[in-house]
Amino acid sequence: MNTILKKSTSFYDVYERRPGADKLTTTYCPGCGHGVLHKLIAEALEDFGVRERTIFISPVGCSVFAYYYFHTGNVQVAHGRAPAVATGLKRAHPGSVVISYQGDGDLAAIGTAEIIHAANRGEGITVFFVNNAVYGMTGGQMAPTTLIGQKTMTTPRGRSTDNEGFPIRMSEIIATLESPVFVERVMLADTKSTMHARQTVRKALKMQIEKNAFSFIEVLSACPSQLKMTPSRSKLWVKEVLEKQFPLGVTKDISQEFEGRSFARKNVRPEELTGILDIETVRVNPEKIAQFKDKSINEEIKIAGFGGQGVLSLGTVLSEMGMRHNYEVSWLPSYGPEMRGGTANCSVKISNKKIGSPLVANPTILIAMNRPSLDKFENDVVSGGLIMYDNSLIDRAPVRDDVDIIPIPATKMADELGNTKAANMIIVGALIVSKELMSQQVVLDSLGDVLKRKNLVVLNQKAIKRGAEYIKNRKK
Ligand SMILES: Cc1ncc(C[n+]2csc(CCOP(=O)(O)OP(=O)(O)O)c2C)c(N)n1
């Protein structure tokens, strides 16, 4: 019988790095383990017929370019974050086969938290952990798995336990957790060990495909370039030196007794939510909000001031009221390391389209309640946007001439009402009227449901009315 050896169909035909580039070879050095492991994975994906539903996650490290090779879905992630991204992918696409492929710097240094928690949750993903005892891509710095005495760029006299601690055995750590189903350490040192690794790769992927199980495969692998050895010498080193510190074998295997984890995501129907969260549905008489029904709204609002001015609650009131007008809303507070007297801020989106992200980088509306906020965010406002600022506290006007500007002495007006803290609600009243965003009546009627301190409802209703009147008089 003739055997035809050919490249797995899970690889692209041509490794085209940059369109038109003349270098169409791989990015790996001769003797590197990455290429071999890629091959074992690609073959398995083809044999199991899952290439089309596989998502391969490339890490930061020498395998960052895995997406040039694997003819699968590909995501390249930030350093160490592959298990977190894999979690999201698998949960959003339970039918996919998700591979988190990581080096020792990526998985055991910067990404230690991600892998521990993904393993602990038993996500239905397969993790391939390439342990070459060094940071390959960046020039051979010490990795958490670097051996004691091993010389690297950052341990020129050799790793010492006094200074750098002991090499971390990740497989053993992962195996102590309850959720992982299959954990094994293999090596790529010679034909025999590679053939065994092949079986292990297949078993781990099968576990995911059939049982939605979490598997962790550590692959001892050579990095001839950083070890400054020939490819064949570095493979011997894996077998004779590296393996002593990281013994091969299965550290955990409960695949027989593990019955599988459901692939189906438990989706909660919207009508179930109120019961689960123990909240009441708020219904607003449709007639009262009819005029806003077909309004095209897409406001991205940044509300900023100093702590104590109620900028966060200004945002929550706006988003709560937005919901009562059937808008899509988001509210994102920012608790940055702000200095005292500096800015506290939150981002609110109000839209009649679905909101992709709650982040507001370039607001359509800036509400500046103190000078540092105006200084900080004025330039971020989109051209044609609006800056509403408290001119009883801010001693300069915005300099932008391509945006609408509404000065409003909110703090002074609140003081006249008897409580400085109501300045934020003066802004609410002013904003909903100036942008014709919401029904003043609905906002006033709902305020009691929204505010935590019920004794302040009447005062805040007055403040909203004041703010609204201010704008109406201004328009006249
Ligand atoms: C946030 C961040 N920190 C640091 C780096 C620099 N960096 C790139 S690759 C790498 C280490 C990769 O080593 P390893 O995970 O062992 O993979 P290998 O290259 O050996 O395959 C580091 C520190 C980065 N790209 N991003």
# chains A, B, ... in the order shown; residues from 1 in each chain; ligands from 1

call {"tool": "residues_near_ligand", "arguments": {"ligand": "ligand 1", "cutoff": "8 Å", "atoms": "only C-alpha atoms and all ligand atoms", "output": "MDAnalysis selection string"}}
result
chainID A and resid 34 59:63 78:80 102:108 110 130:138 140:141 143 223

call {"tool": "residues_around", "arguments": {"residues": "Ser160 (chain A)", "least_positions_apart": "2", "cutoff": "9 Å", "atoms": "only C-alpha atoms", "output": "ChimeraX atom specification"}}
result
/A:147-150,155,157-158,162-166

call {"tool": "atom_distance", "arguments": {"atom1": "CA of Glu259 (chain A)", "atom2": "CA of Glu123 (chain A)"}}
result
14.6 Å

call {"tool": "select_by_dssp", "arguments": {"residues": "region 4-166 of chain A", "states": "helix (DSSP H, G or I)", "output": "compact mmCIF listing (two decimals) with N, CA, C and O atoms, in the first residue's frame"}}
result
# COMPACT_ATOMS: atom_id res chain seq x y z
N GLY A 33 9.58 23.33 18.76
CA GLY A 33 8.48 22.40 18.97
C GLY A 33 7.14 22.90 18.46
O GLY A 33 6.22 22.11 18.21
N HIS A 34 6.99 24.22 18.32
CA HIS A 34 5.68 24.76 17.93
C HIS A 34 5.17 24.13 16.63
O HIS A 34 4.01 23.74 16.54
N GLY A 35 6.05 24.08 15.63
CA GLY A 35 5.61 23.57 14.32
C GLY A 35 5.12 22.14 14.42
O GLY A 35 4.10 21.76 13.80
N VAL A 36 5.83 21.34 15.22
CA VAL A 36 5.44 19.92 15.36
C VAL A 36 4.07 19.83 16.05
O VAL A 36 3.19 19.09 15.60
N LEU A 37 3.92 20.59 17.10
CA LEU A 37 2.63 20.54 17.81
C LEU A 37 1.51 21.06 16.91
O LEU A 37 0.40 20.51 16.90
N HIS A 38 1.79 22.10 16.15
CA HIS A 38 0.78 22.60 15.20
C HIS A 38 0.32 21.44 14.32
O HIS A 38 -0.86 21.27 14.04
N LYS A 39 1.31 20.68 13.86
CA LYS A 39 1.00 19.61 12.92
C LYS A 39 0.10 18.56 13.59
O LYS A 39 -0.89 18.10 13.00
N LEU A 40 0.42 18.21 14.82
CA LEU A 40 -0.38 17.19 15.51
C LEU A 40 -1.83 17.68 15.69
O LEU A 40 -2.79 16.91 15.54
N ILE A 41 -1.95 18.96 16.02
CA ILE A 41 -3.29 19.51 16.24
C ILE A 41 -4.05 19.56 14.90
O ILE A 41 -5.22 19.15 14.82
N ALA A 42 -3.37 20.05 13.88
CA ALA A 42 -4.03 20.20 12.57
C ALA A 42 -4.53 18.86 12.05
O ALA A 42 -5.66 18.75 11.54
N GLU A 43 -3.71 17.85 12.20
CA GLU A 43 -4.10 16.50 11.75
C GLU A 43 -5.35 16.01 12.48
O GLU A 43 -6.28 15.47 11.88
N ALA A 44 -5.33 16.22 13.79
CA ALA A 44 -6.47 15.75 14.59
C ALA A 44 -7.75 16.48 14.16
O ALA A 44 -8.81 15.87 14.02
N LEU A 45 -7.64 17.77 13.94
CA LEU A 45 -8.84 18.54 13.55
C LEU A 45 -9.40 18.03 12.23
O LEU A 45 -10.62 17.91 12.06
N GLU A 46 -8.49 17.71 11.32
CA GLU A 46 -8.95 17.17 10.03
C GLU A 46 -9.59 15.80 10.24
O GLU A 46 -10.70 15.53 9.77
N ASP A 47 -8.90 14.94 10.98
CA ASP A 47 -9.41 13.57 11.17
C ASP A 47 -10.77 13.56 11.88
O ASP A 47 -11.62 12.73 11.60
N ARG A 51 -12.60 20.93 11.63
CA ARG A 51 -11.84 22.14 11.27
C ARG A 51 -12.74 23.38 11.16
O ARG A 51 -12.43 24.44 11.69
N GLU A 52 -13.88 23.18 10.50
CA GLU A 52 -14.72 24.35 10.21
C GLU A 52 -15.35 24.95 11.45
O GLU A 52 -15.80 26.09 11.42
N ARG A 53 -15.43 24.15 12.53
CA ARG A 53 -16.01 24.75 13.74
C ARG A 53 -14.97 24.94 14.84
O ARG A 53 -15.30 25.06 16.02
N CYS A 62 6.02 33.18 20.49
CA CYS A 62 6.44 32.76 19.14
C CYS A 62 5.27 32.26 18.31
O CYS A 62 5.29 32.34 17.09
N SER A 63 4.23 31.75 18.97
CA SER A 63 3.10 31.21 18.21
C SER A 63 2.04 32.26 17.91
O SER A 63 0.92 31.93 17.54
N VAL A 64 2.41 33.52 18.07
CA VAL A 64 1.46 34.60 17.81
C VAL A 64 0.90 34.53 16.38
O VAL A 64 -0.23 34.93 16.12
N PHE A 65 1.73 33.98 15.48
CA PHE A 65 1.29 33.93 14.08
C PHE A 65 0.58 32.65 13.71
O PHE A 65 0.44 32.34 12.52
N ALA A 66 0.11 31.90 14.70
CA ALA A 66 -0.57 30.64 14.37
C ALA A 66 -1.70 30.88 13.36
O ALA A 66 -2.03 29.99 12.57
N TYR A 67 -2.24 32.08 13.38
CA TYR A 67 -3.36 32.34 12.45
C TYR A 67 -2.93 32.38 10.99
O TYR A 67 -3.76 32.38 10.11
N TYR A 68 -1.63 32.44 10.75
CA TYR A 68 -1.19 32.33 9.35
C TYR A 68 -1.26 30.90 8.86
O TYR A 68 -1.25 30.65 7.66
N TYR A 69 -1.27 29.96 9.78
CA TYR A 69 -1.16 28.56 9.40
C TYR A 69 -2.49 27.81 9.49
O TYR A 69 -2.83 27.03 8.60
N ALA A 82 -5.56 34.23 26.76
CA ALA A 82 -6.23 33.24 25.91
C ALA A 82 -7.33 32.46 26.63
O ALA A 82 -8.42 32.30 26.09
N PRO A 83 -7.12 31.98 27.87
CA PRO A 83 -8.20 31.20 28.50
C PRO A 83 -9.46 32.04 28.76
O PRO A 83 -10.58 31.52 28.74
N ALA A 84 -9.26 33.34 29.01
CA ALA A 84 -10.43 34.20 29.24
C ALA A 84 -11.20 34.39 27.93
O ALA A 84 -12.43 34.30 27.89
N VAL A 85 -10.45 34.63 26.86
CA VAL A 85 -11.11 34.80 25.55
C VAL A 85 -11.74 33.48 25.12
O VAL A 85 -12.86 33.45 24.59
N ALA A 86 -11.04 32.39 25.39
CA ALA A 86 -11.58 31.07 25.05
C ALA A 86 -12.90 30.84 25.77
O ALA A 86 -13.86 30.30 25.20
N THR A 87 -12.97 31.27 27.00
CA THR A 87 -14.21 31.13 27.78
C THR A 87 -15.36 31.83 27.08
O THR A 87 -16.44 31.26 26.89
N GLY A 88 -15.10 33.07 26.70
CA GLY A 88 -16.15 33.84 26.02
C GLY A 88 -16.57 33.19 24.71
O GLY A 88 -17.76 33.07 24.42
N LEU A 89 -15.57 32.74 23.95
CA LEU A 89 -15.88 32.15 22.65
C LEU A 89 -16.71 30.88 22.82
O LEU A 89 -17.70 30.66 22.13
N LYS A 90 -16.28 30.05 23.77
CA LYS A 90 -16.97 28.77 23.93
C LYS A 90 -18.40 28.98 24.44
O LYS A 90 -19.33 28.29 24.03
N ARG A 91 -18.54 29.95 25.32
CA ARG A 91 -19.89 30.18 25.85
C ARG A 91 -20.81 30.78 24.80
O ARG A 91 -22.00 30.48 24.75
N ALA A 92 -20.22 31.65 23.96
CA ALA A 92 -21.05 32.25 22.91
C ALA A 92 -21.32 31.25 21.79
O ALA A 92 -22.34 31.31 21.12
N ASP A 104 5.04 29.27 27.91
CA ASP A 104 5.17 29.29 29.38
C ASP A 104 5.19 30.70 29.94
O ASP A 104 4.74 30.94 31.05
N GLY A 105 5.70 31.66 29.16
CA GLY A 105 5.63 33.03 29.62
C GLY A 105 4.17 33.47 29.63
O GLY A 105 3.68 34.07 30.60
N ASP A 106 3.48 33.15 28.57
CA ASP A 106 2.09 33.56 28.41
C ASP A 106 1.18 32.93 29.47
O ASP A 106 0.39 33.60 30.12
N LEU A 107 1.32 31.63 29.66
CA LEU A 107 0.38 30.91 30.53
C LEU A 107 0.79 30.92 32.00
O LEU A 107 -0.05 31.03 32.88
N ALA A 108 2.13 30.82 32.24
CA ALA A 108 2.54 30.63 33.64
C ALA A 108 3.08 31.89 34.29
O ALA A 108 3.42 31.88 35.46
N ALA A 109 3.17 32.98 33.51
CA ALA A 109 3.62 34.23 34.12
C ALA A 109 2.48 35.25 34.06
O ALA A 109 1.63 35.30 34.94
N ILE A 110 2.37 35.95 32.94
CA ILE A 110 1.39 37.04 32.88
C ILE A 110 -0.05 36.51 32.91
O ILE A 110 -0.96 37.18 33.37
N THR A 112 -1.25 33.72 34.54
CA THR A 112 -1.51 32.69 35.56
C THR A 112 -2.96 32.72 36.05
O THR A 112 -3.60 31.68 36.22
N ALA A 113 -3.47 33.89 36.29
CA ALA A 113 -4.84 33.98 36.83
C ALA A 113 -5.86 33.40 35.85
O ALA A 113 -6.75 32.64 36.24
N GLU A 114 -5.69 33.75 34.57
CA GLU A 114 -6.68 33.32 33.58
C GLU A 114 -6.75 31.80 33.48
O GLU A 114 -7.83 31.23 33.43
N ILE A 115 -5.58 31.16 33.44
CA ILE A 115 -5.62 29.71 33.25
C ILE A 115 -6.17 29.01 34.49
O ILE A 115 -6.95 28.07 34.39
N ILE A 116 -5.80 29.50 35.66
CA ILE A 116 -6.28 28.86 36.89
C ILE A 116 -7.81 28.92 36.94
O ILE A 116 -8.49 27.93 37.24
N HIS A 117 -8.35 30.07 36.63
CA HIS A 117 -9.81 30.21 36.77
C HIS A 117 -10.58 29.51 35.66
O HIS A 117 -11.65 28.95 35.91
N ALA A 118 -10.01 29.53 34.44
CA ALA A 118 -10.70 28.79 33.37
C ALA A 118 -10.70 27.30 33.69
O ALA A 118 -11.70 26.60 33.50
N ALA A 119 -9.56 26.81 34.21
CA ALA A 119 -9.47 25.39 34.58
C ALA A 119 -10.42 25.09 35.73
O ALA A 119 -11.11 24.07 35.74
N ASN A 120 -10.48 25.99 36.66
CA ASN A 120 -11.32 25.77 37.83
C ASN A 120 -12.80 25.76 37.47
O ASN A 120 -13.60 25.06 38.09
N ARG A 121 -13.14 26.54 36.45
CA ARG A 121 -14.54 26.51 36.00
C ARG A 121 -14.80 25.33 35.08
O ARG A 121 -15.94 25.05 34.75
N THR A 161 17.31 29.72 43.19
CA THR A 161 16.04 29.66 43.94
C THR A 161 15.93 30.83 44.89
O THR A 161 14.83 31.29 45.18
N ASP A 162 17.08 31.32 45.36
CA ASP A 162 17.05 32.46 46.28
C ASP A 162 16.44 33.67 45.62
O ASP A 162 15.65 34.39 46.20
N ASN A 163 16.84 33.87 44.40
CA ASN A 163 16.42 35.09 43.72
C ASN A 163 15.15 34.92 42.91
O ASN A 163 14.30 35.81 42.87
N GLU A 164 14.98 33.78 42.24
CA GLU A 164 13.86 33.63 41.30
C GLU A 164 12.88 32.54 41.67
O GLU A 164 11.90 32.31 40.95

call {"tool": "closest_atom_pairs", "arguments": {"of": "region 95-182 of chain A", "to": "region 247-254 of chain A", "cutoff": "8 Å", "atoms": "only C-alpha atoms", "output": "CSV"}}
result
residue,atom,partner,partner_atom,distance
A:Ser171,CA,A:Thr251,CA,6.8
A:Glu172,CA,A:Thr251,CA,6.3
A:Ala175,CA,A:Lys252,CA,5.5
A:Pro180,CA,A:Lys252,CA,7.9
A:Val181,CA,A:Ile254,CA,5.2
A:Phe182,CA,A:Asp253,CA,4.4

call {"tool": "residues_around", "arguments": {"residues": "region 393-407 of chain A", "least_positions_apart": "4", "cutoff": "7 Å", "atoms": "only C-alpha atoms", "output": "PyMOL selection string"}}
result
chain A and resi 370-371+383-389

call {"tool": "atom_distance", "arguments": {"atom1": "CA of Ala463 (chain A)", "atom2": "CA of Thr411 (chain A)"}}
result
10.5 Å

call {"tool": "closest_residue", "arguments": {"among": "A:Lys206, A:Lys211, A:Lys349, A:His325", "to": "Ser446 (chain A)", "atoms": "only C-alpha atoms"}}
result
A:His325

call {"tool": "closest_residue", "arguments": {"among": "A:Val311, A:Leu437, A:Ala361, A:Val268", "to": "Asn326 (chain A)", "atoms": "only C-alpha atoms"}}
result
A:Leu437

call {"tool": "closest_residue", "arguments": {"among": "A:Ala304, A:Ile297, A:Met142, A:Met195", "to": "Lys376 (chain A)", "atoms": "only C-alpha atoms"}}
result
A:Ala304

call {"tool": "decode", "arguments": {"residues": "region 37-48 of chain A", "atoms": "N, CA and C atoms", "output": "PDB file, in the first residue's frame"}}
result
ATOM      1  N   LEU A  37       3.919  20.589  17.102  1.00  0.00           N
ATOM      2  CA  LEU A  37       2.630  20.538  17.806  1.00  0.00           C
ATOM      3  C   LEU A  37       1.506  21.064  16.912  1.00  0.00           C
ATOM      4  N   HIS A  38       1.794  22.104  16.148  1.00  0.00           N
ATOM      5  CA  HIS A  38       0.780  22.599  15.204  1.00  0.00           C
ATOM      6  C   HIS A  38       0.320  21.444  14.318  1.00  0.00           C
ATOM      7  N   LYS A  39       1.307  20.683  13.860  1.00  0.00           N
ATOM      8  CA  LYS A  39       0.997  19.608  12.924  1.00  0.00           C
ATOM      9  C   LYS A  39       0.102  18.556  13.585  1.00  0.00           C
ATOM     10  N   LEU A  40       0.420  18.213  14.821  1.00  0.00           N
ATOM     11  CA  LEU A  40      -0.383  17.191  15.509  1.00  0.00           C
ATOM     12  C   LEU A  40      -1.827  17.677  15.692  1.00  0.00           C
ATOM     13  N   ILE A  41      -1.945  18.958  16.020  1.00  0.00           N
ATOM     14  CA  ILE A  41      -3.293  19.509  16.235  1.00  0.00           C
ATOM     15  C   ILE A  41      -4.053  19.560  14.902  1.00  0.00           C
ATOM     16  N   ALA A  42      -3.369  20.049  13.878  1.00  0.00           N
ATOM     17  CA  ALA A  42      -4.033  20.204  12.570  1.00  0.00           C
ATOM     18  C   ALA A  42      -4.533  18.856  12.050  1.00  0.00           C
ATOM     19  N   GLU A  43      -3.706  17.848  12.202  1.00  0.00           N
ATOM     20  CA  GLU A  43      -4.101  16.503  11.746  1.00  0.00           C
ATOM     21  C   GLU A  43      -5.348  16.011  12.481  1.00  0.00           C
ATOM     22  N   ALA A  44      -5.334  16.225  13.789  1.00  0.00           N
ATOM     23  CA  ALA A  44      -6.474  15.753  14.585  1.00  0.00           C
ATOM     24  C   ALA A  44      -7.747  16.477  14.165  1.00  0.00           C
ATOM     25  N   LEU A  45      -7.642  17.775  13.936  1.00  0.00           N
ATOM     26  CA  LEU A  45      -8.839  18.544  13.554  1.00  0.00           C
ATOM     27  C   LEU A  45      -9.398  18.029  12.233  1.00  0.00           C
ATOM     28  N   GLU A  46      -8.487  17.708  11.320  1.00  0.00           N
ATOM     29  CA  GLU A  46      -8.947  17.165  10.032  1.00  0.00           C
ATOM     30  C   GLU A  46      -9.591  15.796  10.245  1.00  0.00           C
ATOM     31  N   ASP A  47      -8.902  14.937  10.983  1.00  0.00           N
ATOM     32  CA  ASP A  47      -9.414  13.572  11.168  1.00  0.00           C
ATOM     33  C   ASP A  47     -10.772  13.562  11.878  1.00  0.00           C
ATOM     34  N   PHE A  48     -10.954  14.483  12.807  1.00  0.00           N
ATOM     35  CA  PHE A  48     -12.227  14.512  13.544  1.00  0.00           C
ATOM     36  C   PHE A  48     -13.306  15.307  12.805  1.00  0.00           C
TER      37      PHE A  48
END
